[in-house]
Amino acid sequence: MVPTIAAAARPDATCAAAVELAADAARAEGAADVGEHLGTRAEGDRVVTHFFAATLPGYPGWRWAVTVARAPRAKLVTVDEVVLVPGDDALLAPEWVPWSERLRPGDLGVGDLLPTPADDDRLVPAYLLSDDPQVESVAFELGLGRKRVLSKLGRDDAADRWYSGAGGPDTPMAVQAPDHCGTCGFWLPIAGSLRLLFGVCGNALSPRDAAVVSADAGCGAHSEALPEPPPVLAPPPAPAYDDGDDIEAHTPPAAADRAPESEPAPAG
Ligand code: SF4
């Protein structure tokens, strides 16, 4: 867009006329990437900026801005600076976002270090109450030595994330599960107040093995989903009863006394 000239700040006529001087200065920086003259803008008394189109690849809408000036009562115009500036419709880089806000789960690679800010509001110093009565009740006795523990905000964050994620109750697998994790023998409740809602799956055959699952999630490998049928036993023998006869002890003949099973017929 061609800059407009404010009525209250008309550009100095001598400086505004120095288009060739400004174009030469722009070409000294941009060489063949300096296009047509787009206009001027008064910067102050005897200070004027000339704009030229920039034809640099990848810089649509950018302009070369060449500021020229002259001293009072002097006719000599000199170049102050040459810069490449974006116009109204220029293609610009997205707004810069700090790396800590750009980081996403899964970005951390092997050997990477991720510093946690000292004022991370997901954590509180361990000597303060952690807002978790169940943690506090055992932490003192056990003398746990962690410097910081999850704050209430940190716990709520984790709970929201887990509950709405793959370990929550809204996944297709959980919806079609025969029963909930909370009734499953493979469910290992976690410590702290989150134990009421979350545990870790300990079933190697479940897709959620070793992952956090909510009590109302579930999968087809639920421990009680398909209990194995009891083994089929042989029918019991007929009941023995006393018929009044003496019981005869029967001793099987010794092997030497037994006739061979198939003796040859005697000759003649
Ligand atoms: S086996 Fe299935 S139902 Fe049982 S705890 Fe694991 S995910 Fe939940």
# chains A, B, ... in the order shown; residues from 1 in each chain; ligands from 1
call {"tool": "closest_atom_pairs", "arguments": {"of": "chain A", "to": "ligand 1", "cutoff": "7 Å", "atoms": "only C-alpha atoms and all ligand atoms", "output": "JSON lines"}}
result
{"residue": "A:Asp179", "atom": "CA", "partner": "ligand 1", "partner_atom_place_in_ligand_line": "3 (S)", "distance": 6.7}
{"residue": "A:His180", "atom": "CA", "partner": "ligand 1", "partner_atom_place_in_ligand_line": "3 (S)", "distance": 5.5}
{"residue": "A:Cys181", "atom": "CA", "partner": "ligand 1", "partner_atom_place_in_ligand_line": "8 (Fe)", "distance": 3.6}
{"residue": "A:Cys184", "atom": "CA", "partner": "ligand 1", "partner_atom_place_in_ligand_line": "4 (Fe)", "distance": 4.6}
{"residue": "A:Gly185", "atom": "CA", "partner": "ligand 1", "partner_atom_place_in_ligand_line": "4 (Fe)", "distance": 6.5}
{"residue": "A:Phe186", "atom": "CA", "partner": "ligand 1", "partner_atom_place_in_ligand_line": "5 (S)", "distance": 4.7}
{"residue": "A:Trp187", "atom": "CA", "partner": "ligand 1", "partner_atom_place_in_ligand_line": "5 (S)", "distance": 4.0}
{"residue": "A:Val200", "atom": "CA", "partner": "ligand 1", "partner_atom_place_in_ligand_line": "5 (S)", "distance": 6.9}
{"residue": "A:Cys201", "atom": "CA", "partner": "ligand 1", "partner_atom_place_in_ligand_line": "6 (Fe)", "distance": 4.1}
{"residue": "A:Gly202", "atom": "CA", "partner": "ligand 1", "partner_atom_place_in_ligand_line": "6 (Fe)", "distance": 6.0}
{"residue": "A:Asn203", "atom": "CA", "partner": "ligand 1", "partner_atom_place_in_ligand_line": "1 (S)", "distance": 5.0}
{"residue": "A:Ser206", "atom": "CA", "partner": "ligand 1", "partner_atom_place_in_ligand_line": "1 (S)", "distance": 5.2}
{"residue": "A:Arg208", "atom": "CA", "partner": "ligand 1", "partner_atom_place_in_ligand_line": "7 (S)", "distance": 5.2}
{"residue": "A:Asp209", "atom": "CA", "partner": "ligand 1", "partner_atom_place_in_ligand_line": "6 (Fe)", "distance": 6.1}
{"residue": "A:Val213", "atom": "CA", "partner": "ligand 1", "partner_atom_place_in_ligand_line": "8 (Fe)", "distance": 6.4}
{"residue": "A:Ala217", "atom": "CA", "partner": "ligand 1", "partner_atom_place_in_ligand_line": "8 (Fe)", "distance": 6.2}
{"residue": "A:Gly218", "atom": "CA", "partner": "ligand 1", "partner_atom_place_in_ligand_line": "3 (S)", "distance": 3.9}
{"residue": "A:Cys219", "atom": "CA", "partner": "ligand 1", "partner_atom_place_in_ligand_line": "2 (Fe)", "distance": 4.0}
{"residue": "A:Gly220", "atom": "CA", "partner": "ligand 1", "partner_atom_place_in_ligand_line": "2 (Fe)", "distance": 6.1}
{"residue": "A:Ala221", "atom": "CA", "partner": "ligand 1", "partner_atom_place_in_ligand_line": "1 (S)", "distance": 4.7}
{"residue": "A:His222", "atom": "CA", "partner": "ligand 1", "partner_atom_place_in_ligand_line": "3 (S)", "distance": 3.9}
{"residue": "A:Ser223", "atom": "CA", "partner": "ligand 1", "partner_atom_place_in_ligand_line": "4 (Fe)", "distance": 6.0}
call {"tool": "residues_around", "arguments": {"residues": "range 48-62 of chain A", "least_positions_apart": "3", "cutoff": "9 Å", "atoms": "only C-alpha atoms", "output": "short mmCIF file (atom, residue, chain, number, x, y, z; two decimals) with C-alpha atoms, in the first residue's frame"}}
result
data_model
loop_
_atom_site.label_atom_id
_atom_site.label_comp_id
_atom_site.auth_asym_id
_atom_site.auth_seq_id
_atom_site.Cartn_x
_atom_site.Cartn_y
_atom_site.Cartn_z
CA MET A 1 0.00 0.00 0.00
CA VAL A 2 1.35 3.41 -0.96
CA PRO A 3 1.90 5.53 2.15
CA PRO A 11 7.43 16.21 3.19
CA ASP A 12 10.26 18.58 2.54
CA CYS A 15 14.11 15.61 0.17
CA ALA A 16 10.99 14.33 -1.58
CA ALA A 18 15.65 12.98 -4.15
CA VAL A 19 14.07 9.81 -5.55
CA ALA A 22 17.09 7.05 -2.48
CA ALA A 23 16.76 4.46 -5.27
CA ALA A 26 18.13 0.98 -1.94
CA GLY A 30 18.83 -4.86 -2.43
CA ALA A 32 17.92 -6.19 -8.41
CA ASP A 33 15.29 -6.73 -5.73
CA VAL A 34 14.33 -3.05 -5.65
CA GLY A 35 11.12 -2.27 -7.52
CA GLU A 36 9.11 0.82 -8.33
CA HIS A 37 8.91 3.92 -6.18
CA LEU A 38 5.78 3.68 -4.03
CA GLY A 39 5.67 7.02 -2.25
CA THR A 40 7.12 9.16 0.50
CA ARG A 41 6.42 9.91 4.13
CA ALA A 42 7.51 12.96 6.12
CA GLU A 43 9.37 11.88 9.25
CA GLY A 44 10.09 15.40 10.53
CA ASP A 45 11.55 18.71 9.39
CA ALA A 65 12.42 2.28 3.12
CA VAL A 66 15.14 4.83 2.43
CA THR A 67 15.23 7.83 4.77
CA VAL A 68 16.94 10.97 3.47
CA ALA A 69 17.52 14.32 5.19
CA LEU A 84 13.38 -3.50 4.58
CA VAL A 85 10.01 -3.01 6.28
CA PRO A 86 6.69 -4.84 6.02
CA GLY A 87 3.74 -3.14 4.36
CA ASP A 88 0.12 -3.50 5.39
CA ASP A 89 -0.35 -6.75 3.47
CA ALA A 90 3.12 -8.14 3.99
CA LEU A 91 3.67 -11.80 4.64
CA LEU A 92 4.91 -11.96 8.24
#
call {"tool": "select_by_dssp", "arguments": {"residues": "range 24-245 of chain A", "states": "helix (DSSP H, G or I)", "output": "PyMOL selection string"}}
result
chain A and resi 24-33+99-102+133-142+152-164+172-175+181-183+193-196
call {"tool": "select_by_dssp", "arguments": {"residues": "range 185-239 of chain A", "states": "strand (DSSP E or B)", "output": "list of chain:residue names"}}
result
A:Trp187, A:Leu188, A:Pro189, A:Phe198, A:Gly199, A:Val200, A:Cys201, A:Asp209, A:Val212, A:Val213, A:Ser214
call {"tool": "write_last_selection", "arguments": {"atoms": "N, CA and C atoms", "output": "PDB file, in the first residue's frame"}}
result
ATOM      1  N   TRP A 187      -6.861 -53.697  38.415  1.00  0.00           N
ATOM      2  CA  TRP A 187      -6.790 -52.256  38.677  1.00  0.00           C
ATOM      3  C   TRP A 187      -5.985 -52.001  39.939  1.00  0.00           C
ATOM      4  N   LEU A 188      -4.910 -51.196  39.825  1.00  0.00           N
ATOM      5  CA  LEU A 188      -4.057 -50.881  40.970  1.00  0.00           C
ATOM      6  C   LEU A 188      -4.274 -49.421  41.333  1.00  0.00           C
ATOM      7  N   PRO A 189      -4.971 -49.113  42.414  1.00  0.00           N
ATOM      8  CA  PRO A 189      -5.228 -47.705  42.765  1.00  0.00           C
ATOM      9  C   PRO A 189      -3.917 -46.967  43.020  1.00  0.00           C
ATOM     10  N   PHE A 198      -8.513 -42.833  40.096  1.00  0.00           N
ATOM     11  CA  PHE A 198      -7.552 -43.342  39.116  1.00  0.00           C
ATOM     12  C   PHE A 198      -6.728 -44.488  39.668  1.00  0.00           C
ATOM     13  N   GLY A 199      -6.333 -45.353  38.752  1.00  0.00           N
ATOM     14  CA  GLY A 199      -5.425 -46.434  39.090  1.00  0.00           C
ATOM     15  C   GLY A 199      -4.581 -46.751  37.873  1.00  0.00           C
ATOM     16  N   VAL A 200      -3.748 -47.755  38.022  1.00  0.00           N
ATOM     17  CA  VAL A 200      -2.901 -48.191  36.912  1.00  0.00           C
ATOM     18  C   VAL A 200      -3.351 -49.583  36.506  1.00  0.00           C
ATOM     19  N   CYS A 201      -3.464 -49.805  35.211  1.00  0.00           N
ATOM     20  CA  CYS A 201      -3.866 -51.113  34.718  1.00  0.00           C
ATOM     21  C   CYS A 201      -2.673 -52.063  34.793  1.00  0.00           C
ATOM     22  N   ASP A 209      -2.313 -51.521  29.609  1.00  0.00           N
ATOM     23  CA  ASP A 209      -1.376 -52.054  30.600  1.00  0.00           C
ATOM     24  C   ASP A 209      -0.327 -51.005  30.952  1.00  0.00           C
ATOM     25  N   VAL A 212      -2.390 -45.136  33.243  1.00  0.00           N
ATOM     26  CA  VAL A 212      -3.414 -44.683  34.187  1.00  0.00           C
ATOM     27  C   VAL A 212      -4.793 -44.859  33.565  1.00  0.00           C
ATOM     28  N   VAL A 213      -5.702 -45.402  34.334  1.00  0.00           N
ATOM     29  CA  VAL A 213      -7.090 -45.557  33.878  1.00  0.00           C
ATOM     30  C   VAL A 213      -8.007 -45.053  34.988  1.00  0.00           C
ATOM     31  N   SER A 214      -9.130 -44.496  34.582  1.00  0.00           N
ATOM     32  CA  SER A 214     -10.075 -44.027  35.593  1.00  0.00           C
ATOM     33  C   SER A 214     -10.951 -45.192  36.038  1.00  0.00           C
TER      34      SER A 214
END
call {"tool": "residues_around", "arguments": {"residues": "Asp170 in chain A", "least_positions_apart": "2", "cutoff": "12 Å", "atoms": "only C-alpha atoms", "output": "list in words"}}
result
Trp162, Tyr163, Ser164, Gly165, Ala166, Gly167, Gly168, Pro172, Met173, Ala174, Val175, Gln176, Ala177, His180, Val213, Ser214, Asp216, Ala217, Gly218 and Cys219 of chain A
call {"tool": "atom_distance", "arguments": {"atom1": "CA of Leu103 in chain A", "atom2": "CA of Thr171 in chain A"}}
result
25.4 Å
